[in-house]
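Q: This one is query23.cif, mmCIF, C-alpha atoms.
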data_run
loop_
_atom_site.group_PDB
_atom_site.id
_atom_site.type_symbol
_atom_site.label_atom_id
_atom_site.label_comp_id
_atom_site.auth_asym_id
_atom_site.auth_seq_id
_atom_site.Cartn_x
_atom_site.Cartn_y
_atom_site.Cartn_z
ATOM 1 C CA MET A 1 93.145 67.785 117.799
ATOM 2 C CA ILE A 2 95.972 67.328 115.323
ATOM 3 C CA ALA A 3 93.738 68.535 112.480
ATOM 4 C CA GLU A 4 92.896 71.637 114.523
ATOM 5 C CA ALA A 5 96.608 72.334 115.109
ATOM 6 C CA ILE A 6 97.335 71.949 111.392
ATOM 7 C CA ALA A 7 94.432 74.251 110.530
ATOM 8 C CA SER A 8 95.657 76.886 113.030
ATOM 9 C CA LEU A 9 99.185 76.763 111.601
ATOM 10 C CA LEU A 10 97.893 76.998 108.011
ATOM 11 C CA ILE A 11 95.568 79.929 108.709
ATOM 12 C CA VAL A 12 98.252 81.995 110.481
ATOM 13 C CA THR A 13 100.749 81.195 107.697
ATOM 14 C CA GLY A 14 98.256 82.261 105.051
ATOM 15 C CA ALA A 15 97.381 85.495 106.831
ATOM 16 C CA ALA A 16 101.105 86.271 107.245
ATOM 17 C CA PHE A 17 101.601 85.821 103.492
ATOM 18 C CA VAL A 18 98.621 88.105 102.761
ATOM 19 C CA LEU A 19 100.220 90.771 104.991
ATOM 20 C CA LEU A 20 103.585 90.184 103.257
ATOM 21 C CA GLY A 21 102.005 90.820 99.860
ATOM 22 C CA SER A 22 100.576 94.149 101.032
ATOM 23 C CA ILE A 23 103.922 95.170 102.580
ATOM 24 C CA GLY A 24 105.510 94.482 99.198
ATOM 25 C CA LEU A 25 102.792 96.535 97.507
ATOM 26 C CA VAL A 26 103.581 99.529 99.739
ATOM 27 C CA ARG A 27 107.384 99.331 99.913
ATOM 28 C CA LEU A 28 108.563 98.303 96.427
ATOM 29 C CA PRO A 29 109.767 101.214 94.266
ATOM 30 C CA ASP A 30 107.811 101.130 90.958
ATOM 31 C CA ILE A 31 104.787 99.463 89.364
ATOM 32 C CA PHE A 32 106.695 96.654 87.641
ATOM 33 C CA THR A 33 108.253 95.524 90.926
ATOM 34 C CA ARG A 34 104.988 96.145 92.792
ATOM 35 C CA LEU A 35 103.259 93.601 90.531
ATOM 36 C CA HIS A 36 105.476 91.004 92.215
ATOM 37 C CA GLY A 37 104.314 91.623 95.795
ATOM 38 C CA PRO A 38 100.593 90.712 95.880
ATOM 39 C CA THR A 39 101.130 87.469 93.923
ATOM 40 C CA LYS A 40 102.301 86.008 97.246
ATOM 41 C CA ALA A 41 98.929 86.951 98.735
ATOM 42 C CA THR A 42 96.984 85.316 95.873
ATOM 43 C CA THR A 43 98.858 82.019 95.693
ATOM 44 C CA LEU A 44 100.320 81.134 99.094
ATOM 45 C CA GLY A 45 98.103 83.376 101.230
ATOM 46 C CA VAL A 46 94.630 82.476 99.982
ATOM 47 C CA GLY A 47 95.825 78.931 99.174
ATOM 48 C CA ALA A 48 96.900 78.266 102.767
ATOM 49 C CA ILE A 49 93.764 79.896 104.233
ATOM 50 C CA VAL A 50 91.476 77.796 102.011
ATOM 51 C CA ALA A 51 93.480 74.663 102.880
ATOM 52 C CA ALA A 52 92.986 75.552 106.556
ATOM 53 C CA SER A 53 89.235 75.854 105.954
ATOM 54 C CA SER A 54 89.257 72.415 104.294
ATOM 55 C CA VAL A 55 91.221 70.852 107.176
ATOM 56 C CA ALA A 56 88.940 72.470 109.784
ATOM 57 C CA ALA A 57 85.867 71.110 107.957
ATOM 58 C CA TYR A 58 87.535 67.667 108.128
ATOM 59 C CA ALA A 59 88.060 68.114 111.883
ATOM 60 C CA VAL A 60 84.358 68.914 112.375
ATOM 61 C CA ASN A 61 82.602 66.625 109.888
ATOM 62 C CA GLY A 62 85.145 63.865 109.412
ATOM 63 C CA ASP A 63 85.022 63.990 105.613
ATOM 64 C CA ILE A 64 87.387 65.867 103.323
ATOM 65 C CA SER A 65 85.653 68.588 101.272
ATOM 66 C CA LEU A 66 87.562 69.536 98.147
ATOM 67 C CA ARG A 67 85.122 72.059 96.665
ATOM 68 C CA GLU A 68 86.840 74.908 98.565
ATOM 69 C CA LEU A 69 89.858 74.277 96.356
ATOM 70 C CA THR A 70 87.993 75.795 93.388
ATOM 71 C CA ILE A 71 88.808 79.266 94.838
ATOM 72 C CA PRO A 72 92.631 78.904 94.563
ATOM 73 C CA LEU A 73 92.144 77.078 91.247
ATOM 74 C CA PHE A 74 90.204 80.064 89.868
ATOM 75 C CA LEU A 75 92.793 82.493 91.286
ATOM 76 C CA PHE A 76 95.673 80.489 89.765
ATOM 77 C CA ILE A 77 93.973 80.662 86.362
ATOM 78 C CA THR A 78 93.085 84.380 86.462
ATOM 79 C CA ALA A 79 96.180 85.846 88.206
ATOM 80 C CA PRO A 80 98.460 85.711 85.097
ATOM 81 C CA VAL A 81 95.744 87.315 82.945
ATOM 82 C CA SER A 82 95.194 90.284 85.265
ATOM 83 C CA ALA A 83 98.954 90.688 85.871
ATOM 84 C CA HIS A 84 99.531 90.744 82.087
ATOM 85 C CA LEU A 85 96.811 93.382 81.584
ATOM 86 C CA ILE A 86 98.121 95.575 84.435
ATOM 87 C CA GLY A 87 101.603 95.281 82.911
ATOM 88 C CA LYS A 88 100.244 96.425 79.536
ATOM 89 C CA VAL A 89 98.531 99.426 81.157
ATOM 90 C CA ALA A 90 101.754 100.302 83.009
ATOM 91 C CA LEU A 91 103.796 100.102 79.771
ATOM 92 C CA LYS A 92 101.335 102.382 77.981
ATOM 93 C CA ASP A 93 101.365 104.772 80.933
ATOM 94 C CA ALA A 94 105.192 104.854 81.003
ATOM 95 C CA ALA A 95 105.336 105.479 77.239
ATOM 96 C CA ALA A 96 102.845 108.365 77.530
ATOM 97 C CA ARG A 97 104.916 109.882 80.355
ATOM 98 C CA ARG A 98 108.129 109.630 78.311
ATOM 99 C CA GLN A 99 106.544 111.561 75.405
ATOM 100 C CA ASN A 100 105.423 114.448 77.615
ATOM 101 C CA MET B 1 93.446 77.146 119.687
ATOM 102 C CA LEU B 2 91.670 77.622 116.375
ATOM 103 C CA THR B 3 89.844 80.694 117.760
ATOM 104 C CA THR B 4 93.169 82.275 118.780
ATOM 105 C CA ALA B 5 94.652 81.538 115.360
ATOM 106 C CA ILE B 6 91.570 83.057 113.685
ATOM 107 C CA THR B 7 91.904 86.210 115.818
ATOM 108 C CA ILE B 8 95.604 86.564 114.972
ATOM 109 C CA SER B 9 94.971 86.041 111.258
ATOM 110 C CA LEU B 10 92.073 88.529 111.245
ATOM 111 C CA VAL B 11 94.448 91.141 112.705
ATOM 112 C CA LEU B 12 97.116 90.292 110.100
ATOM 113 C CA VAL B 13 94.699 90.490 107.167
ATOM 114 C CA GLY B 14 93.222 93.717 108.581
ATOM 115 C CA ALA B 15 96.711 95.234 108.620
ATOM 116 C CA ALA B 16 97.139 94.055 105.020
ATOM 117 C CA VAL B 17 93.896 95.830 104.048
ATOM 118 C CA GLY B 18 95.191 99.023 105.718
ATOM 119 C CA LEU B 19 98.495 98.896 103.827
ATOM 120 C CA THR B 20 96.675 98.236 100.547
ATOM 121 C CA LEU B 21 94.418 101.246 101.197
ATOM 122 C CA ILE B 22 97.573 103.358 101.702
ATOM 123 C CA ARG B 23 98.814 102.270 98.253
ATOM 124 C CA LEU B 24 95.347 102.909 96.788
ATOM 125 C CA ALA B 25 95.413 106.480 98.139
ATOM 126 C CA LEU B 26 99.071 107.260 97.335
ATOM 127 C CA GLY B 27 99.569 105.235 94.141
ATOM 128 C CA PRO B 28 101.208 107.692 91.753
ATOM 129 C CA THR B 29 99.815 106.107 88.548
ATOM 130 C CA MET B 30 96.561 104.425 87.511
ATOM 131 C CA PRO B 31 98.051 100.882 87.231
ATOM 132 C CA ASP B 32 99.141 101.198 90.885
ATOM 133 C CA ARG B 33 95.555 101.870 91.896
ATOM 134 C CA ILE B 34 94.215 99.002 89.769
ATOM 135 C CA LEU B 35 96.761 96.681 91.395
ATOM 136 C CA ALA B 36 95.711 97.933 94.836
ATOM 137 C CA LEU B 37 92.022 97.261 94.014
ATOM 138 C CA ASP B 38 92.922 93.753 92.802
ATOM 139 C CA THR B 39 94.809 93.150 96.061
ATOM 140 C CA LEU B 40 91.818 94.456 98.040
ATOM 141 C CA ALA B 41 89.645 91.824 96.334
ATOM 142 C CA ILE B 42 92.177 89.136 97.338
ATOM 143 C CA ASP B 43 92.187 90.427 100.934
ATOM 144 C CA ALA B 44 88.374 90.362 100.929
ATOM 145 C CA ILE B 45 88.424 86.699 99.801
ATOM 146 C CA ALA B 46 90.835 85.862 102.633
ATOM 147 C CA LEU B 47 88.653 87.721 105.156
ATOM 148 C CA VAL B 48 85.460 85.975 103.995
ATOM 149 C CA VAL B 49 87.068 82.526 104.201
ATOM 150 C CA ILE B 50 88.456 83.271 107.697
ATOM 151 C CA LEU B 51 85.071 84.572 108.889
ATOM 152 C CA GLY B 52 83.451 81.423 107.473
ATOM 153 C CA LEU B 53 85.896 79.397 109.582
ATOM 154 C CA LEU B 54 85.003 81.472 112.651
ATOM 155 C CA ASN B 55 81.249 81.007 112.193
ATOM 156 C CA ALA B 56 81.661 77.368 111.066
ATOM 157 C CA THR B 57 79.423 77.913 108.030
ATOM 158 C CA ALA B 58 79.833 76.578 104.501
ATOM 159 C CA LEU B 59 77.943 79.521 102.976
ATOM 160 C CA SER B 60 81.043 81.730 102.881
ATOM 161 C CA PHE B 61 82.532 79.526 100.157
ATOM 162 C CA GLU B 62 80.058 80.808 97.556
ATOM 163 C CA ALA B 63 80.640 84.405 98.676
ATOM 164 C CA ALA B 64 84.410 83.980 98.336
ATOM 165 C CA LEU B 65 84.075 82.476 94.859
ATOM 166 C CA LEU B 66 81.789 85.334 93.771
ATOM 167 C CA LEU B 67 84.280 87.879 95.141
ATOM 168 C CA ALA B 68 87.078 86.183 93.179
ATOM 169 C CA ILE B 69 85.066 86.322 89.943
ATOM 170 C CA MET B 70 83.941 89.948 90.449
ATOM 171 C CA GLY B 71 87.467 91.072 91.373
ATOM 172 C CA PHE B 72 88.890 89.525 88.215
ATOM 173 C CA VAL B 73 86.170 90.975 85.978
ATOM 174 C CA GLY B 74 86.632 94.426 87.538
ATOM 175 C CA THR B 75 90.398 94.376 87.059
ATOM 176 C CA VAL B 76 90.104 93.256 83.439
ATOM 177 C CA ALA B 77 87.441 95.879 82.678
ATOM 178 C CA LEU B 78 89.517 98.716 84.190
ATOM 179 C CA CYS B 79 92.661 97.605 82.325
ATOM 180 C CA LYS B 80 90.858 97.229 78.991
ATOM 181 C CA PHE B 81 89.310 100.670 79.446
ATOM 182 C CA LEU B 82 92.710 102.268 80.107
ATOM 183 C CA ILE B 83 94.398 100.443 77.202
ATOM 184 C CA GLY B 84 91.910 101.080 74.441
ATOM 185 C CA ARG B 85 89.033 103.198 75.851
ATOM 186 C CA SER B 86 86.755 100.252 75.052
ATOM 187 C CA ILE B 87 85.984 97.319 77.303
ATOM 188 C CA ILE B 88 84.663 94.881 74.698
ATOM 189 C CA ASP B 89 86.316 94.729 71.282
#
Would you encode the structure as structure tokens?
A:
Amino acid sequence: MIAEAIASLLIVTGAAFVLLGSIGLVRLPDIFTRLHGPTKATTLGVGAIVAASSVAAYAVNGDISLRELTIPLFLFITAPVSAHLIGKVALKDAAARRQN
Amino acid sequence: MLTTAITISLVLVGAAVGLTLIRLALGPTMPDRILALDTLAIDAIALVVILGLLNATALSFEAALLLAIMGFVGTVALCKFLIGRSIID
């Protein structure tokens, strides 16, 4: 019962953070600020949803499964790499626009 | 209670997908669109994990991990192509 309540809270929190990241993606003014928005969706959003999945599996089976946590681990490792590459593309794009 | 929470979160993530699609369509520059595609992959991971919770299946974990890997590889390939016109150097 308590585990189910915790899982419900975690899943709604995570989904709210995913929505927040997309709102940031739409409303922020330029690409360098827009890079900041969806990071909330990758870290807190997916992290909380996966934690909710882990807690719900504990409520059903009675044993804690930690293999779900490889998803946020992978995202935490790859998010800086893709953000760096998108930043490089944006810099090159801005430089090309300034020349024209 | 968990079913209600899953319904609410599916609506929230669906709205997030809609907003991301708006940015994908509007996005004035290419990096904006790449960022929107990356965010779509993240939203898809969230959706798959939530649907796995709804159906009480452990199979969705593999699908979510595959989506994470494919989203990252796609983003890196697009960025490398736009930087240097070559994906592998």
Q: Compute the set of chain B residues within 6 Å of chain A, using all atoms listed in the file, and express it as an mmCIF file with C-alpha atoms, keeping the file's coordinate frame.
A:
data_model
loop_
_atom_site.group_PDB
_atom_site.id
_atom_site.type_symbol
_atom_site.label_atom_id
_atom_site.label_comp_id
_atom_site.auth_asym_id
_atom_site.auth_seq_id
_atom_site.Cartn_x
_atom_site.Cartn_y
_atom_site.Cartn_z
ATOM 1 C CA LEU B 2 91.670 77.622 116.375
ATOM 2 C CA ALA B 5 94.652 81.538 115.360
ATOM 3 C CA SER B 9 94.971 86.041 111.258
ATOM 4 C CA LEU B 12 97.116 90.292 110.100
ATOM 5 C CA VAL B 13 94.699 90.490 107.167
ATOM 6 C CA ALA B 16 97.139 94.055 105.020
ATOM 7 C CA LEU B 19 98.495 98.896 103.827
ATOM 8 C CA THR B 20 96.675 98.236 100.547
ATOM 9 C CA ARG B 23 98.814 102.270 98.253
ATOM 10 C CA PRO B 31 98.051 100.882 87.231
ATOM 11 C CA ALA B 46 90.835 85.862 102.633
ATOM 12 C CA LEU B 65 84.075 82.476 94.859
ATOM 13 C CA CYS B 79 92.661 97.605 82.325
ATOM 14 C CA ILE B 83 94.398 100.443 77.202
#
Q: Enclose the full set of atoms of range 44-60 of chain A listed in the file within a box whose edges lie along x, y and z, apply 8 Å of padding to each of the six sides, and report centre and edge lengths in Å to one decimal as AutoDock Vina command-line options.
A:
--center_x 92.3 --center_y 75.5 --center_z 105.7 --size_x 32.0 --size_y 31.7 --size_z 29.3
Q: What does the distance between CA of Ile45 in chain B and CA of Thr57 in chain B come to in Å, to one decimal place?
A: 15.0 Å
Q: To one decimal place, how far is CA of Leu67 in chain B from CA of His36 in chain A in Å?
A: 21.6 Å
Q: Report the distance between CA of Ala15 in chain B and CA of Phe61 in chain B in Å, rounded to one decimal place.
A: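 Spanning CA of Ala15 in chain B to CA of Phe61 in chain B is a straight-line distance of 22.8 Å.
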Q: Using only C-alpha atoms, pick whichever of B:Ala63, B:Leu40, B:Ala68, B:Ile34 has the shortest atom-to-atom distance to Gly14 in chain B.
A: B:Leu40
Q: For Arg33 in chain B, work out the shell of residues within 9 Å, counting all atoms listed in the file and skipping chain neighbours fewer than 6 positions away, then give it as a CSV table (one decimal) with C-alpha atoms, in the frame of the given file.
A:
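Just written: out-v1.csv:
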chain,number,residue,atom,x,y,z
B,23,ARG,CA,98.8,102.3,98.3
B,24,LEU,CA,95.3,102.9,96.8
B,25,ALA,CA,95.4,106.5,98.1
B,26,LEU,CA,99.1,107.3,97.3
B,27,GLY,CA,99.6,105.2,94.1
